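Visitor: My file is final.pdb. It has PDB, C-alpha atoms, pLDDT in the B column:
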ATOM      1  CA  ILE A   1      85.012 125.680  94.820  1.00 52.00           C
ATOM      2  CA  ARG A   2      88.254 123.747  95.513  1.00 57.00           C
ATOM      3  CA  ILE A   3      89.417 126.394  97.983  1.00 61.00           C
ATOM      4  CA  PHE A   4      86.080 126.199  99.788  1.00 58.00           C
ATOM      5  CA  PHE A   5      86.261 122.401  99.911  1.00 57.00           C
ATOM      6  CA  ALA A   6      89.849 122.426 101.211  1.00 58.00           C
ATOM      7  CA  ALA A   7      89.062 125.071 103.812  1.00 63.00           C
ATOM      8  CA  THR A   8      85.960 123.245 105.053  1.00 64.00           C
ATOM      9  CA  VAL A   9      87.859 120.057 105.757  1.00 65.00           C
ATOM     10  CA  ALA A  10      91.062 121.749 106.925  1.00 65.00           C
ATOM     11  CA  PHE A  11      89.329 123.922 109.510  1.00 64.00           C
ATOM     12  CA  ALA A  12      87.522 120.867 110.911  1.00 68.00           C
ATOM     13  CA  ILE A  13      90.773 119.044 111.764  1.00 74.00           C
ATOM     14  CA  PRO A  14      91.661 119.237 115.467  1.00 72.00           C
ATOM     15  CA  ILE A  15      95.397 119.969 115.263  1.00 75.00           C
ATOM     16  CA  ASP A  16      96.192 118.917 118.855  1.00 76.00           C
ATOM     17  CA  LYS A  17      94.620 115.487 118.262  1.00 80.00           C
ATOM     18  CA  LEU A  18      96.060 115.149 114.740  1.00 78.00           C
ATOM     19  CA  LEU A  19      99.623 115.685 115.940  1.00 83.00           C
ATOM     20  CA  SER A  20      99.361 113.163 118.760  1.00 85.00           C
ATOM     21  CA  PHE A  21     101.436 109.985 118.555  1.00 89.00           C
ATOM     22  CA  GLU A  22      98.351 107.805 119.030  1.00 87.00           C
ATOM     23  CA  ALA A  23      96.557 109.329 116.036  1.00 86.00           C
ATOM     24  CA  PHE A  24      99.731 109.069 113.956  1.00 88.00           C
ATOM     25  CA  TRP A  25     100.438 105.376 114.549  1.00 91.00           C
ATOM     26  CA  LYS A  26      96.810 104.328 114.257  1.00 89.00           C
ATOM     27  CA  GLY A  27      96.420 106.425 111.115  1.00 89.00           C
ATOM     28  CA  SER A  28      99.610 104.888 109.726  1.00 88.00           C
ATOM     29  CA  LEU A  29      98.234 101.378 110.223  1.00 91.00           C
ATOM     30  CA  MET A  30      94.898 102.334 108.702  1.00 88.00           C
ATOM     31  CA  GLY A  31      96.571 104.175 105.833  1.00 88.00           C
ATOM     32  CA  ILE A  32      98.974 101.412 104.880  1.00 89.00           C
ATOM     33  CA  GLY A  33      96.530  98.543 105.420  1.00 87.00           C
ATOM     34  CA  PRO A  34      92.931  99.342 104.500  1.00 84.00           C
ATOM     35  CA  CYS A  35      93.601 102.505 102.483  1.00 82.00           C
ATOM     36  CA  ILE A  36      96.488 101.267 100.350  1.00 87.00           C
ATOM     37  CA  LEU A  37      97.148  97.513 100.487  1.00 88.00           C
ATOM     38  CA  THR A  38      93.546  96.429 100.000  1.00 86.00           C
ATOM     39  CA  LYS A  39      93.328  98.443  96.789  1.00 85.00           C
ATOM     40  CA  VAL A  40      96.778  97.597  95.474  1.00 87.00           C
ATOM     41  CA  CYS A  41      96.346  93.861  96.055  1.00 86.00           C
ATOM     42  CA  CYS A  42      92.736  93.614  94.829  1.00 84.00           C
ATOM     43  CA  ALA A  43      93.483  92.685  91.222  1.00 74.00           C
ATOM     44  CA  PRO A  44      95.718  89.585  91.266  1.00 78.00           C
ATOM     45  CA  PHE A  45      94.049  88.149  88.163  1.00 81.00           C
ATOM     46  CA  MET A  46      94.106  91.329  86.071  1.00 83.00           C
ATOM     47  CA  GLY A  47      97.247  90.353  84.232  1.00 86.00           C
ATOM     48  CA  PRO A  48     100.271  92.588  83.888  1.00 87.00           C
ATOM     49  CA  ALA A  49      98.237  95.742  84.573  1.00 88.00           C
ATOM     50  CA  LYS A  50      97.281  94.652  88.091  1.00 89.00           C
ATOM     51  CA  TRP A  51      99.671  97.057  89.861  1.00 90.00           C
ATOM     52  CA  VAL A  52      98.623  99.953  87.639  1.00 90.00           C
ATOM     53  CA  ILE A  53      94.954  99.283  88.353  1.00 88.00           C
ATOM     54  CA  GLY A  54      95.565  98.882  92.090  1.00 88.00           C
ATOM     55  CA  TRP A  55      97.586 102.088  92.482  1.00 89.00           C
ATOM     56  CA  ALA A  56      95.113 104.004  90.321  1.00 87.00           C
ATOM     57  CA  MET A  57      92.399 103.141  92.848  1.00 86.00           C
ATOM     58  CA  VAL A  58      94.452 104.272  95.856  1.00 85.00           C
ATOM     59  CA  GLY A  59      94.290 107.956  94.967  1.00 76.00           C
ATOM     60  CA  ARG A  60      90.534 108.251  95.228  1.00 73.00           C
ATOM     61  CA  ALA A  61      90.415 109.779  98.714  1.00 67.00           C
ATOM     62  CA  GLU A  62      89.084 113.277  98.004  1.00 72.00           C
ATOM     63  CA  PHE A  63      85.486 112.410  98.742  1.00 81.00           C
ATOM     64  CA  ALA A  64      86.501 110.479 101.866  1.00 83.00           C
ATOM     65  CA  TYR A  65      87.777 113.713 103.433  1.00 82.00           C
ATOM     66  CA  LEU A  66      84.355 115.268 103.024  1.00 81.00           C
ATOM     67  CA  ILE A  67      82.620 112.196 104.432  1.00 87.00           C
ATOM     68  CA  ALA A  68      84.966 112.183 107.442  1.00 86.00           C
ATOM     69  CA  GLN A  69      84.358 115.878 108.034  1.00 85.00           C
ATOM     70  CA  MET A  70      80.581 115.411 107.812  1.00 87.00           C
ATOM     71  CA  ALA A  71      80.752 112.488 110.261  1.00 90.00           C
ATOM     72  CA  ALA A  72      82.784 114.597 112.686  1.00 87.00           C
ATOM     73  CA  SER A  73      80.403 117.563 112.426  1.00 85.00           C
ATOM     74  CA  ALA A  74      77.429 115.243 113.056  1.00 91.00           C
ATOM     75  CA  ASN A  75      79.180 113.865 116.173  1.00 91.00           C
ATOM     76  CA  MET A  76      79.323 110.379 114.669  1.00 93.00           C
ATOM     77  CA  VAL A  77      83.077 110.165 115.384  1.00 89.00           C
ATOM     78  CA  ASP A  78      85.125 111.840 118.085  1.00 89.00           C
ATOM     79  CA  ALA A  79      88.131 114.101 117.423  1.00 88.00           C
ATOM     80  CA  GLY A  80      90.629 111.272 117.988  1.00 88.00           C
ATOM     81  CA  THR A  81      88.984 108.951 115.468  1.00 89.00           C
ATOM     82  CA  PHE A  82      88.643 111.796 112.994  1.00 88.00           C
ATOM     83  CA  SER A  83      92.391 112.455 113.303  1.00 89.00           C
ATOM     84  CA  VAL A  84      93.168 108.788 112.663  1.00 91.00           C
ATOM     85  CA  VAL A  85      91.017 108.871 109.535  1.00 89.00           C
ATOM     86  CA  ILE A  86      92.747 112.046 108.307  1.00 87.00           C
ATOM     87  CA  TRP A  87      96.194 110.418 108.768  1.00 89.00           C
ATOM     88  CA  ALA A  88      95.029 107.339 106.871  1.00 89.00           C
ATOM     89  CA  LEU A  89      93.684 109.435 104.006  1.00 88.00           C
ATOM     90  CA  LEU A  90      96.876 111.493 103.923  1.00 87.00           C
ATOM     91  CA  TYR A  91      98.889 108.332 103.267  1.00 87.00           C
ATOM     92  CA  ALA A  92      96.693 107.506 100.283  1.00 86.00           C
ATOM     93  CA  THR A  93      96.689 111.088  99.011  1.00 86.00           C
ATOM     94  CA  VAL A  94     100.454 111.569  99.230  1.00 88.00           C
ATOM     95  CA  PHE A  95     101.772 108.185  98.122  1.00 88.00           C
ATOM     96  CA  ALA A  96      99.278 107.326  95.367  1.00 88.00           C
ATOM     97  CA  PRO A  97     100.388 109.826  92.710  1.00 89.00           C
ATOM     98  CA  LEU A  98     104.077 109.241  93.383  1.00 92.00           C
ATOM     99  CA  ILE A  99     103.970 105.460  93.198  1.00 92.00           C
ATOM    100  CA  PHE A 100     101.300 105.336  90.481  1.00 92.00           C
ATOM    101  CA  ARG A 101     103.531 107.414  88.232  1.00 93.00           C
ATOM    102  CA  ARG A 102     106.425 104.980  88.615  1.00 94.00           C
ATOM    103  CA  VAL A 103     104.252 101.889  88.199  1.00 92.00           C
ATOM    104  CA  LEU A 104     102.613 103.339  85.093  1.00 91.00           C
ATOM    105  CA  GLN A 105     105.967 104.330  83.570  1.00 91.00           C
ATOM    106  CA  SER A 106     107.288 100.826  84.174  1.00 90.00           C
ATOM    107  CA  TYR A 107     104.178  99.277  82.638  1.00 90.00           C
ATOM    108  CA  VAL A 108     104.351 101.526  79.575  1.00 89.00           C
ATOM    109  CA  ARG A 109     108.063 100.856  79.123  1.00 87.00           C
ATOM    110  CA  THR A 110     107.549  97.104  79.376  1.00 86.00           C
ATOM    111  CA  TYR A 111     104.273  96.456  77.573  1.00 83.00           C
ATOM    112  CA  CYS A 112     103.455  99.468  75.445  1.00 80.00           C
ATOM    113  CA  SER A 113     106.869  99.703  73.805  1.00 74.00           C
ATOM    114  CA  GLU A 114     106.293  96.214  72.378  1.00 67.00           C
ATOM    115  CA  ALA A 115     102.916  97.300  71.020  1.00 65.00           C
ATOM    116  CA  LEU A 116     104.414 100.448  69.485  1.00 64.00           C
ATOM    117  CA  GLU A 117     107.194  98.426  67.861  1.00 68.00           C
ATOM    118  CA  ASP A 118     104.655  95.949  66.454  1.00 65.00           C
ATOM    119  CA  GLU A 119     102.520  98.817  65.172  1.00 66.00           C
ATOM    120  CA  ALA A 120     105.536 100.489  63.585  1.00 62.00           C
ATOM    121  CA  SER A 121     106.618  97.252  61.851  1.00 66.00           C
ATOM    122  CA  GLU A 122     103.066  96.706  60.582  1.00 66.00           C
ATOM    123  CA  LYS A 123     103.007 100.262  59.278  1.00 61.00           C
ATOM    124  CA  VAL A 124     106.339  99.797  57.494  1.00 56.00           C
ATOM    125  CA  GLY A 125     105.088  96.503  56.028  1.00 54.00           C
ATOM    126  CA  SER A 126     101.828  98.056  54.805  1.00 56.00           C
ATOM    127  CA  GLU A 127     103.705 100.994  53.245  1.00 52.00           C
ATOM    128  CA  ALA A 128     105.977  98.550  51.339  1.00 48.00           C
ATOM    129  CA  GLU A 129     102.905  96.671  50.095  1.00 52.00           C
ATOM    130  CA  ALA A 130     101.299  99.944  48.990  1.00 44.00           C
ATOM    131  CA  GLU A 131     104.444 100.882  47.049  1.00 46.00           C
ATOM    132  CA  GLU A 132     104.431  97.468  45.330  1.00 48.00           C
ATOM    133  CA  ARG A 133     100.827  97.933  44.287  1.00 44.00           C
ATOM    134  CA  VAL A 134     101.564 101.377  42.853  1.00 41.00           C
ATOM    135  CA  CYS A 135     104.574 100.176  40.820  1.00 36.00           C
TER     136      CYS A 135
END
Reformat the file's structure so that it appears as structure tokens.
Guide:
Amino acid sequence: IRIFFAATVAFAIPIDKLLSFEAFWKGSLMGIGPCILTKVCCAPFMGPAKWVIGWAMVGRAEFAYLIAQMAASANMVDAGTFSVVIWALLYATVFAPLIFRRVLQSYVRTYCSEALEDEASEKVGSEAEAEERVC
């Protein structure tokens, strides 16, 4: 089903419009602004996990491709606008996994290592108490 989904959207993209400079720069603005920054910066009060949460939301563009393709096939958007939308979604699709991985690794290194150390020290302490009770 994935191949069918990819082919349906891919064959709907007008290559001549997609590779135009106008579609590229407009898609770049839409991709960086509304597709990425609004999601990344939406959780300023979420504590230390705010960047992880924001970047996790960026990569949810799969369904948007289908919606864009359906809008184009229903003549709700012209080929130029459809190309801009595809460029914007490509930014989210390409950058989200790469940056999310780094942000998540940094978060785990910083915050989860402390939790693992605390858990390990508690485990060592509880094992010592158990040995005292046995003796």
Visitor: Could you list, as a list in words, every residue within 9 Å of A:Ile32, counting all atoms listed in the file and ignoring same-chain residues fewer than 5 positions away?
Guide: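 Close residues of A:Ile32: Gly27, Leu37, Thr38, Ala88, Tyr91 and Ala92 of chain A.
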Visitor: Would you mind exporting C-alpha atoms of the selected residues as a tab-separated table (two decimals), in the coordinates of the input?
Guide:
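This is the output file result.tsv:
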chain	number	residue	atom	x	y	z
A	27	GLY	CA	96.42	106.42	111.12
A	37	LEU	CA	97.15	97.51	100.49
A	38	THR	CA	93.55	96.43	100.00
A	88	ALA	CA	95.03	107.34	106.87
A	91	TYR	CA	98.89	108.33	103.27
A	92	ALA	CA	96.69	107.51	100.28
Visitor: Taking all atoms listed in the file into account, name the residue in A:Ile67, A:Val108, A:Ile86, A:Val94 that is nearest to A:Ile15.
Guide: A:Ile86
Visitor: Expand the PyMOL selection byres ((chain A and resi 23) around 12) into the explicit residue set it covers here, and present it as a PDB file with C-alpha atoms, in the coordinates of the input.
Guide:
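Final output, selection-v4.pdb:
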ATOM      1  CA  PRO A  14      91.661 119.237 115.467  1.00 72.00           C
ATOM      2  CA  ILE A  15      95.397 119.969 115.263  1.00 75.00           C
ATOM      3  CA  ASP A  16      96.192 118.917 118.855  1.00 76.00           C
ATOM      4  CA  LYS A  17      94.620 115.487 118.262  1.00 80.00           C
ATOM      5  CA  LEU A  18      96.060 115.149 114.740  1.00 78.00           C
ATOM      6  CA  LEU A  19      99.623 115.685 115.940  1.00 83.00           C
ATOM      7  CA  SER A  20      99.361 113.163 118.760  1.00 85.00           C
ATOM      8  CA  PHE A  21     101.436 109.985 118.555  1.00 89.00           C
ATOM      9  CA  GLU A  22      98.351 107.805 119.030  1.00 87.00           C
ATOM     10  CA  PHE A  24      99.731 109.069 113.956  1.00 88.00           C
ATOM     11  CA  TRP A  25     100.438 105.376 114.549  1.00 91.00           C
ATOM     12  CA  LYS A  26      96.810 104.328 114.257  1.00 89.00           C
ATOM     13  CA  GLY A  27      96.420 106.425 111.115  1.00 89.00           C
ATOM     14  CA  SER A  28      99.610 104.888 109.726  1.00 88.00           C
ATOM     15  CA  LEU A  29      98.234 101.378 110.223  1.00 91.00           C
ATOM     16  CA  MET A  30      94.898 102.334 108.702  1.00 88.00           C
ATOM     17  CA  GLY A  31      96.571 104.175 105.833  1.00 88.00           C
ATOM     18  CA  ASP A  78      85.125 111.840 118.085  1.00 89.00           C
ATOM     19  CA  ALA A  79      88.131 114.101 117.423  1.00 88.00           C
ATOM     20  CA  GLY A  80      90.629 111.272 117.988  1.00 88.00           C
ATOM     21  CA  THR A  81      88.984 108.951 115.468  1.00 89.00           C
ATOM     22  CA  PHE A  82      88.643 111.796 112.994  1.00 88.00           C
ATOM     23  CA  SER A  83      92.391 112.455 113.303  1.00 89.00           C
ATOM     24  CA  VAL A  84      93.168 108.788 112.663  1.00 91.00           C
ATOM     25  CA  VAL A  85      91.017 108.871 109.535  1.00 89.00           C
ATOM     26  CA  ILE A  86      92.747 112.046 108.307  1.00 87.00           C
ATOM     27  CA  TRP A  87      96.194 110.418 108.768  1.00 89.00           C
ATOM     28  CA  ALA A  88      95.029 107.339 106.871  1.00 89.00           C
TER      29      ALA A  88
END
Visitor: What does the PyMOL selection byres ((chain A and resi 99) around 12) select in this file, as a PyMOL selection string?
Guide: chain A and resi 36+40+51-59+91-98+100-106
Visitor: What is the distance between atom CA of A:Ala49 and atom CA of A:Glu62, in Å to one decimal?
Guide: 23.9 Å
Visitor: One decimal, Å: what's the distance from atom CA of A:Tyr107 over to atom CA of A:Pro48, could you say?
Guide: 7.8 Å
Visitor: Using Å and a single decimal, report how far atom CA of A:Ala71 sits from atom CA of A:Cys42.
Guide: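 So the two atoms, atom CA of A:Cys42 and atom CA of A:Ala71, lie 27.2 Å apart.
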Visitor: Where's the centre, and what are the edge lengths in Å to one decimal, of a box along x, y and z enclosing all listed atoms of stretch 100-110 of chain A padded 5 Å per side, as lines of an AutoDock Vina configuration file?
Guide:
center_x = 104.7
center_y = 102.3
center_z = 84.8
size_x = 16.8
size_y = 20.3
size_z = 21.4
Visitor: So which one's closest to A:Ala72, A:Cys41, A:Gly47, A:Tyr111, A:Ile13? Using all atoms listed in the file, please.
Guide: A:Ile13
